[in-house]
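Have a look at entry37.txt below; it lists compact mmCIF, C-alpha atoms.
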```
# COMPACT_ATOMS: atom_id res chain seq x y z
CA ASN A 1 0.00 0.00 0.00
CA PHE A 2 1.87 3.08 -1.27
CA ALA A 3 0.38 6.07 0.55
CA SER A 4 3.35 8.34 1.21
CA GLY A 5 2.82 10.81 -1.58
CA ASN A 6 1.16 11.64 -4.87
CA VAL A 7 3.86 10.08 -7.07
CA VAL A 8 5.60 6.75 -6.52
CA VAL A 9 8.95 6.66 -8.35
CA LEU A 10 10.87 3.54 -9.39
CA ASN A 11 14.31 4.65 -10.57
CA ARG A 12 16.61 1.64 -10.36
CA ALA A 13 16.82 -1.81 -11.84
CA ILE A 14 14.34 -3.97 -9.94
CA GLN A 15 11.94 -6.85 -10.50
CA ILE A 16 8.48 -6.60 -8.90
CA LEU A 17 6.40 -9.68 -9.61
CA GLY A 18 2.89 -10.17 -8.27
CA ALA A 19 0.85 -13.36 -8.09
CA GLY A 20 -1.34 -12.17 -10.97
CA SER A 21 -3.58 -9.21 -11.82
CA GLY A 22 -6.58 -11.07 -10.37
CA VAL A 23 -4.73 -11.83 -7.14
CA THR A 24 -2.37 -8.99 -6.15
CA THR A 25 -3.22 -5.29 -5.98
CA LEU A 26 -0.82 -2.36 -5.72
CA GLN A 27 -2.89 0.32 -3.99
CA MET A 28 -2.09 4.01 -3.73
CA SER A 29 -4.57 5.85 -1.59
CA ASN A 30 -3.91 9.58 -2.10
CA PHE A 31 -4.98 11.56 -5.17
CA PRO A 32 -3.94 12.38 -7.79
CA GLU A 33 -1.71 9.29 -7.84
CA ARG A 34 0.67 8.01 -10.49
CA LEU A 35 3.46 5.51 -10.75
CA THR A 36 6.63 6.77 -12.45
CA ILE A 37 9.46 4.62 -13.80
CA ARG A 38 12.48 6.69 -14.74
CA ASP A 39 16.25 6.79 -15.29
CA ILE A 40 16.83 3.06 -15.74
CA PRO A 41 20.47 2.95 -16.94
CA ALA A 42 21.60 1.34 -20.18
CA GLY A 43 22.29 -2.36 -19.78
CA GLN A 44 19.84 -2.71 -16.87
CA GLU A 45 16.13 -3.52 -16.71
CA LEU A 46 13.01 -3.05 -14.64
CA ARG A 47 10.13 -5.52 -14.62
CA LEU A 48 6.65 -4.92 -13.21
CA SER A 49 4.21 -7.78 -13.71
CA GLY A 50 1.19 -9.48 -12.20
CA PHE A 51 -0.79 -6.68 -10.55
CA THR A 52 -4.03 -4.80 -10.45
CA LEU A 53 -2.99 -1.14 -10.10
CA ASP A 54 -5.30 0.92 -7.91
CA LEU A 55 -4.32 4.56 -8.39
CA GLY A 56 -7.08 5.95 -6.22
CA LEU A 57 -10.30 7.71 -7.19
CA TRP A 58 -8.57 10.30 -9.37
CA GLY A 59 -5.60 8.16 -10.37
CA GLY A 60 -3.27 10.12 -12.63
CA GLY A 61 -5.09 13.37 -12.05
CA GLY A 62 -7.24 14.43 -15.00
CA SER A 63 -4.91 14.91 -17.93
CA SER A 64 -1.95 13.05 -16.34
CA PHE A 65 -1.05 9.46 -17.13
CA GLY A 66 -1.40 6.96 -14.31
CA LEU A 67 1.80 5.12 -15.32
CA GLU A 68 4.78 7.05 -16.70
CA ILE A 69 8.11 5.86 -18.13
CA ILE A 70 10.68 8.63 -18.49
CA ASP A 71 14.32 8.81 -19.64
CA CYS A 72 15.11 5.09 -19.61
CA GLN A 73 18.05 3.84 -21.66
CA GLY A 74 17.61 0.44 -20.04
CA ALA A 75 14.74 -1.95 -20.70
CA VAL A 76 11.30 -1.83 -19.06
CA PHE A 77 8.93 -4.82 -19.05
CA LEU A 78 5.26 -4.39 -18.12
CA GLY A 79 3.20 -7.57 -17.92
CA ASP A 80 -0.27 -8.62 -16.73
CA LEU A 81 -1.28 -5.16 -15.47
CA VAL A 82 -4.91 -4.02 -15.27
CA GLU A 83 -6.76 -1.19 -13.60
CA ALA A 84 -8.76 -1.54 -10.41
CA PRO A 85 -12.56 -1.59 -10.87
CA GLY A 86 -14.06 1.84 -10.43
CA ASN A 87 -15.56 4.76 -12.27
CA PRO A 88 -14.47 4.33 -15.93
CA GLY A 89 -12.63 7.37 -17.19
CA LEU A 90 -11.70 8.58 -13.72
CA THR A 91 -9.68 5.57 -12.58
CA SER A 92 -8.60 4.39 -16.04
CA LEU A 93 -5.06 3.05 -16.18
CA SER A 94 -3.25 5.03 -18.88
CA MET A 95 0.45 4.98 -19.74
CA SER A 96 3.05 7.23 -21.31
CA ALA A 97 6.65 6.61 -22.39
CA THR A 98 9.05 9.49 -23.08
CA ASP A 99 12.64 8.95 -24.20
CA ALA A 100 12.42 5.23 -23.41
CA ASP A 101 14.69 3.02 -25.52
CA LEU A 102 12.90 -0.31 -24.97
CA VAL A 103 9.48 -0.88 -23.44
CA VAL A 104 7.89 -4.34 -23.69
CA ILE A 105 4.18 -4.55 -22.86
CA GLU A 106 2.41 -7.90 -22.57
CA GLY A 107 -1.02 -8.86 -21.29
CA CYS A 108 -1.91 -5.32 -20.16
CA ALA A 109 -5.14 -3.33 -20.36
CA PHE A 110 -4.78 0.45 -20.69
CA ALA A 111 -7.60 2.95 -21.18
CA GLY A 112 -7.66 6.64 -22.02
CA ARG A 113 -8.73 9.12 -19.40
CA SER A 114 -11.75 11.40 -19.49
CA TRP A 115 -12.37 14.36 -17.27
CA GLN A 116 -15.71 15.86 -16.33
CA GLY A 117 -16.02 19.62 -16.13
CA ASP A 118 -19.03 21.85 -15.56
CA CYS A 119 -21.51 22.35 -18.39
CA GLY A 120 -19.89 24.51 -21.05
CA ASN A 121 -16.54 24.36 -19.26
CA PRO A 122 -14.64 21.26 -20.41
CA GLY A 123 -11.96 19.79 -18.20
CA PRO A 124 -8.33 19.21 -19.27
CA LYS A 125 -7.59 17.64 -22.63
CA SER A 126 -8.29 13.93 -22.61
CA ILE A 127 -5.39 11.54 -23.09
CA PRO A 128 -5.00 8.31 -25.06
CA ALA A 129 -4.63 4.90 -23.47
CA VAL A 130 -0.92 4.86 -24.35
CA ARG A 131 1.29 7.69 -25.62
CA ALA A 132 4.91 7.27 -26.69
CA VAL A 133 7.30 10.15 -27.43
CA ALA A 134 10.79 9.37 -28.78
CA SER A 135 10.42 5.79 -27.60
CA THR A 136 10.33 2.19 -28.87
CA LEU A 137 7.46 -0.07 -27.82
CA PHE A 138 6.83 -3.79 -28.30
CA ILE A 139 3.20 -4.57 -27.48
CA HIS A 140 1.63 -8.02 -27.29
CA ASP A 141 -1.68 -9.53 -26.18
CA SER A 142 -2.91 -6.20 -24.81
CA THR A 143 -5.92 -3.91 -25.02
CA PHE A 144 -5.68 -0.14 -25.57
CA ASP A 145 -9.02 1.68 -25.32
CA GLY A 146 -8.98 5.40 -26.21
CA GLY A 147 -10.50 8.06 -23.95
CA PHE A 148 -12.52 11.24 -24.53
CA ASN A 149 -12.70 14.76 -23.11
CA GLN A 150 -16.12 14.77 -21.54
CA ASP A 151 -17.85 17.93 -20.47
CA GLY A 152 -20.61 17.39 -17.95
CA CYS A 153 -23.19 18.19 -20.63
CA PHE A 154 -21.76 18.37 -24.12
CA VAL A 155 -18.18 17.67 -25.04
CA GLN A 156 -17.13 14.17 -26.00
CA VAL A 157 -14.08 14.38 -28.27
CA GLY A 158 -12.29 11.10 -28.82
CA VAL A 159 -8.61 10.28 -28.78
CA ALA A 160 -6.71 7.21 -29.93
CA GLY A 161 -5.93 4.01 -28.12
CA LEU A 162 -2.26 4.40 -29.15
CA GLU A 163 -0.55 7.72 -29.91
CA LEU A 164 3.01 7.77 -31.24
CA GLU A 165 5.20 10.85 -31.65
CA ASP A 166 8.66 10.31 -33.15
CA SER A 167 8.36 6.71 -31.97
CA VAL A 168 8.34 3.13 -33.21
CA ALA A 169 5.90 0.43 -32.12
CA TYR A 170 5.45 -3.26 -32.90
CA VAL A 171 1.96 -4.47 -31.98
CA SER A 172 1.02 -8.17 -32.05
CA ASP A 173 -2.18 -10.06 -31.12
CA SER A 174 -3.68 -6.96 -29.49
CA PHE A 175 -6.88 -4.89 -29.60
CA LEU A 176 -6.62 -1.14 -30.25
CA GLU A 177 -9.72 1.06 -30.27
CA GLY A 178 -10.46 4.76 -30.51
CA TRP A 179 -13.06 6.12 -28.13
CA ARG A 180 -16.54 7.21 -29.05
CA GLY A 181 -17.77 10.38 -30.71
CA GLY A 182 -20.88 12.25 -29.67
CA ALA A 183 -22.36 15.66 -28.98
CA THR A 184 -19.98 18.61 -28.75
CA LEU A 185 -20.49 22.32 -28.28
CA SER A 186 -19.98 22.80 -32.03
CA GLY A 187 -21.98 19.84 -33.33
CA TRP A 188 -21.43 16.13 -33.65
CA SER A 189 -18.06 14.40 -33.45
CA ILE A 190 -17.55 11.03 -35.16
CA GLY A 191 -15.75 8.15 -33.50
CA TYR A 192 -11.97 8.48 -33.40
CA GLN A 193 -9.30 6.29 -34.99
CA ALA A 194 -7.40 3.67 -32.98
CA ILE A 195 -3.88 4.96 -33.77
CA ASP A 196 -2.45 8.48 -34.03
CA LEU A 197 0.94 8.90 -35.72
CA LEU A 198 2.72 12.21 -35.10
CA GLY A 199 6.10 13.37 -36.30
CA ASP A 200 8.46 10.67 -37.54
CA SER A 201 6.62 7.57 -36.30
CA GLN A 202 6.10 4.05 -37.60
CA VAL A 203 3.97 1.16 -36.42
CA THR A 204 4.11 -2.51 -37.43
CA LEU A 205 0.92 -4.50 -36.82
CA ILE A 206 1.25 -8.26 -36.46
CA GLY A 207 -0.88 -11.37 -35.99
CA SER A 208 -4.48 -11.25 -34.80
CA THR A 209 -4.30 -7.54 -33.95
CA VAL A 210 -7.58 -5.66 -34.38
CA VAL A 211 -7.49 -1.92 -35.15
CA LYS A 212 -10.99 -0.52 -34.53
CA GLY A 213 -12.41 2.97 -34.82
CA GLY A 214 -14.47 4.42 -32.01
CA ASP A 215 -18.22 3.92 -32.02
CA GLY A 216 -20.53 6.83 -32.69
CA PRO A 217 -23.36 6.87 -30.12
CA SER A 218 -25.15 9.66 -31.99
CA SER A 219 -22.90 10.00 -35.02
CA ALA A 220 -20.82 7.98 -37.46
CA GLY A 221 -18.27 5.47 -36.25
CA GLY A 222 -14.64 6.34 -36.94
CA SER A 223 -12.15 4.60 -39.20
CA GLY A 224 -9.88 2.04 -37.57
CA LEU A 225 -6.87 3.69 -39.18
CA VAL A 226 -6.44 7.18 -40.63
CA LEU A 227 -3.24 7.71 -42.61
CA LEU A 228 -2.02 11.25 -43.19
CA ALA A 229 0.93 12.36 -45.32
CA GLY A 230 4.15 10.93 -43.89
CA ASP A 231 2.46 8.19 -41.83
CA VAL A 232 4.02 4.74 -42.23
CA VAL A 233 2.17 1.55 -41.24
CA VAL A 234 3.18 -2.04 -41.97
CA ALA A 235 0.74 -4.90 -41.32
CA THR A 236 0.77 -8.65 -41.71
CA PRO A 237 -2.13 -10.12 -43.73
CA ASP A 238 -3.99 -11.42 -40.65
CA VAL A 239 -4.41 -7.95 -39.06
CA VAL A 240 -8.02 -6.73 -39.02
CA PHE A 241 -9.09 -3.10 -39.56
CA GLN A 242 -12.62 -2.21 -38.47
CA PRO A 243 -14.68 0.98 -38.43
CA GLY A 244 -16.57 1.94 -35.31
CA THR A 245 -20.22 0.99 -35.07
CA ASP A 246 -22.64 3.71 -36.16
CA LEU A 247 -25.27 3.82 -33.42
CA GLY A 248 -26.97 6.92 -34.77
CA GLY A 249 -28.00 5.73 -38.21
CA GLY A 250 -25.49 7.91 -40.09
CA THR A 251 -22.67 6.97 -42.45
CA THR A 252 -19.90 4.84 -41.05
CA ALA A 253 -16.33 5.64 -42.06
CA PRO A 254 -14.21 3.14 -44.02
CA SER A 255 -12.02 0.67 -42.14
CA VAL A 256 -8.93 2.53 -43.40
CA SER A 257 -8.93 6.15 -44.52
CA ASN A 258 -5.71 6.74 -46.46
CA GLN A 259 -5.16 10.47 -46.92
CA GLY A 260 -1.61 10.35 -48.25
CA GLY A 261 0.19 7.94 -45.92
CA GLN A 262 1.92 4.64 -46.63
CA LEU A 263 0.23 1.34 -45.73
CA THR A 264 2.10 -1.85 -46.60
CA ILE A 265 0.32 -5.20 -46.23
CA LEU A 266 2.86 -8.01 -46.11
CA THR A 267 2.20 -11.27 -47.92
CA GLU A 268 3.14 -13.60 -45.06
CA ARG A 269 2.35 -13.85 -41.37
CA TRP A 270 4.99 -13.17 -38.72
CA THR A 271 5.79 -15.47 -35.85
CA THR A 272 4.10 -14.79 -32.49
CA THR A 273 4.46 -16.49 -29.11
CA THR A 274 2.15 -16.30 -26.07
CA VAL A 275 2.51 -17.94 -22.66
CA SER A 276 -0.66 -19.64 -21.37
CA LEU A 277 0.07 -18.47 -17.80
CA HIS A 278 1.89 -15.38 -16.60
CA GLN A 279 2.59 -16.98 -13.22
CA VAL A 280 3.35 -20.64 -12.44
CA ALA A 281 4.37 -22.46 -9.27
CA PRO A 282 7.37 -24.77 -8.92
CA GLY A 283 6.28 -28.18 -10.17
CA GLY A 284 3.62 -26.65 -12.40
CA SER A 285 3.42 -26.45 -16.16
CA PHE A 286 2.37 -24.07 -18.92
CA SER A 287 2.43 -23.87 -22.69
CA LEU A 288 3.66 -21.56 -25.41
CA ALA A 289 1.18 -20.87 -28.19
CA HIS A 290 2.98 -20.20 -31.47
CA GLY A 291 1.43 -18.44 -34.44
CA GLY A 292 2.63 -17.64 -37.93
CA ALA A 293 2.60 -18.84 -41.51
CA PRO A 294 1.06 -22.30 -42.05
CA SER A 295 3.68 -25.08 -42.08
CA ALA A 296 6.37 -22.71 -40.80
CA THR A 297 9.12 -24.06 -38.56
CA VAL A 298 9.44 -22.21 -35.26
CA VAL A 299 12.27 -22.49 -32.72
CA PRO A 300 11.57 -21.09 -29.22
CA PHE A 301 14.34 -19.64 -27.08
CA PHE A 302 14.25 -18.53 -23.45
CA SER A 303 16.40 -16.35 -21.23
CA THR A 304 16.17 -14.78 -17.79
CA GLY A 305 17.28 -11.40 -19.14
CA MET A 306 16.14 -8.87 -21.69
CA ALA A 307 18.33 -7.59 -24.50
CA THR A 308 20.57 -4.72 -23.43
CA ALA A 309 20.16 -3.26 -26.93
CA ILE A 310 17.70 -4.13 -29.71
CA PRO A 311 19.80 -6.12 -32.17
CA VAL A 312 18.70 -6.46 -35.77
CA LEU A 313 19.53 -9.80 -37.40
CA PRO A 314 20.25 -9.48 -41.13
CA GLY A 315 17.46 -11.02 -43.19
CA VAL A 316 15.19 -11.54 -40.18
CA LEU A 317 12.03 -9.46 -39.59
CA GLY A 318 11.57 -8.12 -36.08
CA ARG A 319 14.02 -7.46 -33.26
CA VAL A 320 15.84 -9.55 -30.67
CA LEU A 321 14.29 -8.81 -27.25
CA ILE A 322 15.90 -11.43 -24.98
CA ASP A 323 19.47 -11.73 -23.78
CA LEU A 324 21.08 -13.91 -26.45
CA SER A 325 24.22 -14.44 -24.37
CA ALA A 326 22.22 -16.45 -21.81
CA ALA A 327 19.55 -17.91 -24.13
CA ASN A 328 18.61 -21.59 -24.32
CA GLN A 329 16.75 -23.37 -27.12
CA LEU A 330 13.60 -25.49 -26.90
CA ALA A 331 12.52 -28.16 -29.37
CA PRO A 332 11.48 -26.87 -32.82
CA GLN A 333 7.80 -27.04 -33.80
CA THR A 334 6.02 -27.11 -37.16
CA LEU A 335 2.90 -24.96 -37.39
CA ASP A 336 -0.26 -26.68 -38.61
CA SER A 337 -2.39 -25.67 -41.61
CA GLY A 338 -3.99 -22.91 -39.52
CA GLY A 339 -0.60 -21.51 -38.53
CA SER A 340 -0.48 -22.62 -34.88
CA ALA A 341 1.38 -25.02 -32.56
CA LEU A 342 1.98 -25.53 -28.83
CA SER A 343 5.11 -26.14 -26.80
CA SER A 344 4.49 -27.67 -23.35
CA ILE A 345 6.88 -26.75 -20.55
CA ALA A 346 7.19 -28.28 -17.07
CA VAL A 347 8.73 -26.21 -14.27
CA PRO A 348 11.06 -28.15 -11.94
CA SER A 349 9.74 -28.57 -8.41
CA VAL A 350 12.47 -26.43 -6.93
CA PRO A 351 11.37 -23.70 -4.43
CA ALA A 352 14.55 -21.74 -5.12
CA LEU A 353 13.09 -20.85 -8.54
CA ILE A 354 10.43 -18.65 -6.91
CA GLY A 355 10.89 -15.07 -8.07
CA LEU A 356 12.48 -16.03 -11.38
CA GLY A 357 11.13 -14.35 -14.51
CA VAL A 358 11.76 -16.16 -17.79
CA LEU A 359 11.32 -14.54 -21.20
CA PHE A 360 10.51 -16.50 -24.35
CA GLN A 361 11.04 -15.44 -27.95
CA THR A 362 10.65 -17.53 -31.09
CA VAL A 363 12.25 -17.40 -34.51
CA GLY A 364 10.17 -18.72 -37.38
CA ALA A 365 10.94 -19.72 -40.97
CA SER A 366 8.04 -19.87 -43.43
CA PRO A 367 7.96 -22.42 -46.27
CA SER A 368 8.96 -19.63 -48.67
CA GLY A 369 12.05 -18.80 -46.62
CA THR A 370 10.85 -15.68 -44.77
CA TYR A 371 12.39 -15.44 -41.29
CA SER A 372 10.73 -13.50 -38.47
CA LEU A 373 11.18 -13.00 -34.73
CA SER A 374 8.22 -13.11 -32.40
CA ASN A 375 7.34 -10.81 -29.54
CA ALA A 376 8.75 -11.51 -26.07
CA SER A 377 6.48 -13.35 -23.63
CA MET A 378 7.25 -13.79 -19.92
CA VAL A 379 6.29 -16.25 -17.19
CA SER A 380 7.30 -15.79 -13.55
CA VAL A 381 7.71 -18.56 -11.01
CA HIS A 382 5.56 -17.58 -8.06
```
Translate this file's structure into structure tokens.
Amino acid sequence: NFASGNVVVLNRAIQILGAGSGVTTLQMSNFPERLTIRDIPAGQELRLSGFTLDLGLWGGGGSSFGLEIIDCQGAVFLGDLVEAPGNPGLTSLSMSATDADLVVIEGCAFAGRSWQGDCGNPGPKSIPAVRAVASTLFIHDSTFDGGFNQDGCFVQVGVAGLELEDSVAYVSDSFLEGWRGGATLSGWSIGYQAIDLLGDSQVTLIGSTVVKGGDGPSSAGGSGLVLLAGDVVVATPDVVFQPGTDLGGGTTAPSVSNQGGQLTILTERWTTTTVSLHQVAPGGSFSLAHGGAPSATVVPFFSTGMATAIPVLPGVLGRVLIDLSAANQLAPQTLDSGGSALSSIAVPSVPALIGLGVLFQTVGASPSGTYSLSNASMVSVH
């Protein structure tokens, strides 16, 4: 129970592993509250996984993010984090990363923040579920739900689930959604797109990722993706773009609105890997679910450490995210006709393993010879 101040700061390499988001709660009782991770040195890492985060009634404070990552040259891993139940929009768990070299997000649910003002007097600008500025993000198996700036009577102006400014993001097997449109002081606002790209930004969408525009309660739903001049988006063929649902009987926007940007749809699927459990006890077991091109060969690797840099392997799509110097290989698997396979893993019944976090990453080779690296997926022994 962190109750000593309005901001809790984690500024050194540390591993904080809970028993699971449905089991362990980090509670901060004052308001406005936020959790800040900053100044992790190069070559070191911070891991925060397995918690419900309760930031208090006004967690983050209006237009502030509840979870901030600032000036980190080292790696940050966020896994299995969700917000505490409460008043949606006021206690929403939102996140920002600024000047962060490597942020890995897995199994997290982030939501944009709204703020209620008096009628005709909107509160602070709403914020997206996740914003990255001059940062690199790897996102897997997560949900980003955009917010809106809500006046007590009129204003509901949507923002994106993911906003990038001069940043790079890889998003796999995740759900991104813009928040809803509605009545504003100047008329009707349509639903908002799921992703905003600002400055020199690029996003790669992978696997079963869904990119959905915000619904329009009294207006048109928004496009899942809006591409402006200079925007660069790469997507594997299994990514789904969806417009928001039009609940007002108007015209729904297209799934993708390309207004001068660059959208590249790849011809083959990339490799993905997902642990079946984020936490496992000594003597327990779990599985790795592999995805990718049908009949591809995938080789899983595991390591207790993250990469100290983000190496690029020549001829291989994706980035190395685990510590190759301490990596071990598991048995290769061949994906079935649907592009999936499982690796079963038994954890030794050794109590000394408690507290160990193990990261998995898979390299895959498609029948046509395309090589790709999966996301990183972590299990902790608890």
Within 8 Å of (3.1, -18.6, -36.0), all atoms listed in the file: residues as an MDAnalysis selection string?
-> chainID A and resid 269:273 290:294 296 298 335 339:341 364
Identify the residues within 7 Å of coordinate (16.3, -15.5, -41.3) (same frame as the file), considering all atoms listed in the file, and give the answer as a VMD selection string.
-> chain A and resid 315 to 316 365 370 to 372
Of the candidates A:Val350, A:Ala331, A:Val130, A:Val171, which one gets nearest to Ile69 (chain A) if we count all atoms listed in the file?
-> A:Val130
Find the nearest atom pair between each residue of region 289-370 of chain A and region 92-108 of chain A for residues within 10 Å, count only C-alpha atoms, give distances in Å to one decimal, sort rows by chain and ascending number, and present the table as a tab-separated table.
```
residue	atom	partner	partner_atom	distance
A:Met306	CA	A:Val104	CA	9.6
A:Ala307	CA	A:Leu102	CA	9.1
A:Thr308	CA	A:Leu102	CA	9.0
A:Ala309	CA	A:Leu102	CA	8.1
A:Ile310	CA	A:Leu102	CA	7.8
A:Leu321	CA	A:Val104	CA	8.6
```
Nearby residues (all atoms listed in the file) at most 7 Å from region 35-37 of chain A, same-chain spacing under 6 positions excluded, as a ChimeraX atom specification | /A:7-11,66-70
In Å, how far is it from CA of Ser276 (chain A) to CA of Gln361 (chain A)?
->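 Distance reported for this atom pair: 14.1 Å.
Straight-line separation from CA of Ala134 (chain A) to CA of Leu317 (chain A): 21.7 Å.
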Between A:Val299, A:Val379, A:Val226, A:Ile190, which has the minimum distance to Asp246 (chain A) (counting all atoms listed in the file)?
->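 Among the listed residues, the smallest separation from Asp246 (chain A) belongs to A:Ile190.
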What is the CA of Gly283 (chain A)-CA of Ala346 (chain A) distance in Å, reported with one decimal?
->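 According to the coordinates, CA of Gly283 (chain A) and CA of Ala346 (chain A) are separated by 7.0 Å.
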Between A:Val256, A:Ala229, A:Ile139, A:Leu53, which is the closest to Ala376 (chain A) once you count all atoms listed in the file?
->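 So, comparing all the options, the nearest one is A:Ile139.
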So which one's closest to Thr136 (chain A), A:Ile265, A:Gly18, A:Phe110, A:Arg319? Using all atoms listed in the file, please.
->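 Answer, going by the shortest atom-to-atom distance: A:Arg319.
Proximity to Asp173 (chain A) at 6 Å, evaluated using only C-alpha atoms and with sequence-adjacent residues fewer than 2 positions away removed, yields His140, Asp141, Gly207, Ser208 and Thr209 of chain A.
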Can you tell me, as a list of chain:residue names, what residues are no more than 8 Å from Thr264 (chain A) when counting all atoms listed in the file, ignoring any on the same chain fewer than 6 positions away?
-> A:Val233, A:Val234, A:Ala235
Any idea what's packed within 6 Å of Asp166 (chain A), counting only C-alpha atoms, ignoring anything in its chain fewer than 4 positions away? Could you give it as a count of residues only?
-> 5
Return the single residue from A:Trp179, A:Phe286, A:Phe77, A:Phe360 that is closest to Phe302 (chain A), with distances computed using only C-alpha atoms.
->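 Checking each candidate against Phe302 (chain A), we get A:Phe360 as the closest.
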Do a neighbour search on His382 (chain A) at 12 Å with only C-alpha atoms, toss out local chain neighbours closer than 2 positions, and write the hits as a ChimeraX atom specification.
-> /A:16-20,23-24,49-50,277-284,347,349-358,379-380
Kindly indicate which residue among A:Phe301, A:Ser167, A:Pro237, A:Ile14 lies nearest to Thr267 (chain A), using all atoms listed in the file for the distances.
->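 Smallest distance to Thr267 (chain A) is found for A:Pro237.
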Can you save region 301-312 of chain A of the given block to a file, including N, CA, C and O atoms and formatted as a compact mmCIF listing (two decimals), in the first residue's frame?
```txt
# COMPACT_ATOMS: atom_id res chain seq x y z
N PHE A 301 13.19 -19.85 -27.94
CA PHE A 301 14.34 -19.64 -27.08
C PHE A 301 13.86 -19.01 -25.78
O PHE A 301 12.81 -18.34 -25.75
N PHE A 302 14.60 -19.20 -24.70
CA PHE A 302 14.25 -18.53 -23.45
C PHE A 302 15.51 -18.03 -22.75
O PHE A 302 16.61 -18.56 -22.94
N SER A 303 15.31 -16.99 -21.94
CA SER A 303 16.40 -16.35 -21.23
C SER A 303 15.82 -15.66 -20.00
O SER A 303 14.64 -15.29 -19.99
N THR A 304 16.63 -15.49 -18.98
CA THR A 304 16.17 -14.78 -17.79
C THR A 304 16.37 -13.27 -17.92
O THR A 304 15.91 -12.52 -17.06
N GLY A 305 17.03 -12.82 -18.97
CA GLY A 305 17.28 -11.40 -19.14
C GLY A 305 16.77 -10.86 -20.45
O GLY A 305 16.57 -11.60 -21.42
N MET A 306 16.53 -9.54 -20.47
CA MET A 306 16.14 -8.87 -21.69
C MET A 306 17.39 -8.40 -22.44
O MET A 306 18.49 -8.32 -21.87
N ALA A 307 17.21 -8.09 -23.70
CA ALA A 307 18.33 -7.59 -24.50
C ALA A 307 18.76 -6.23 -23.96
O ALA A 307 17.93 -5.40 -23.59
N THR A 308 20.08 -6.01 -23.89
CA THR A 308 20.57 -4.72 -23.43
C THR A 308 20.53 -3.68 -24.54
O THR A 308 20.60 -2.49 -24.29
N ALA A 309 20.41 -4.13 -25.78
CA ALA A 309 20.16 -3.26 -26.93
C ALA A 309 19.03 -3.92 -27.70
O ALA A 309 18.39 -4.84 -27.20
N ILE A 310 18.73 -3.48 -28.90
CA ILE A 310 17.70 -4.13 -29.71
C ILE A 310 18.37 -4.57 -31.00
O ILE A 310 18.28 -3.88 -32.03
N PRO A 311 19.06 -5.70 -30.98
CA PRO A 311 19.80 -6.12 -32.17
C PRO A 311 18.88 -6.39 -33.35
O PRO A 311 17.74 -6.85 -33.19
N VAL A 312 19.38 -6.11 -34.53
CA VAL A 312 18.70 -6.46 -35.77
C VAL A 312 19.50 -7.57 -36.43
O VAL A 312 20.70 -7.42 -36.66
```
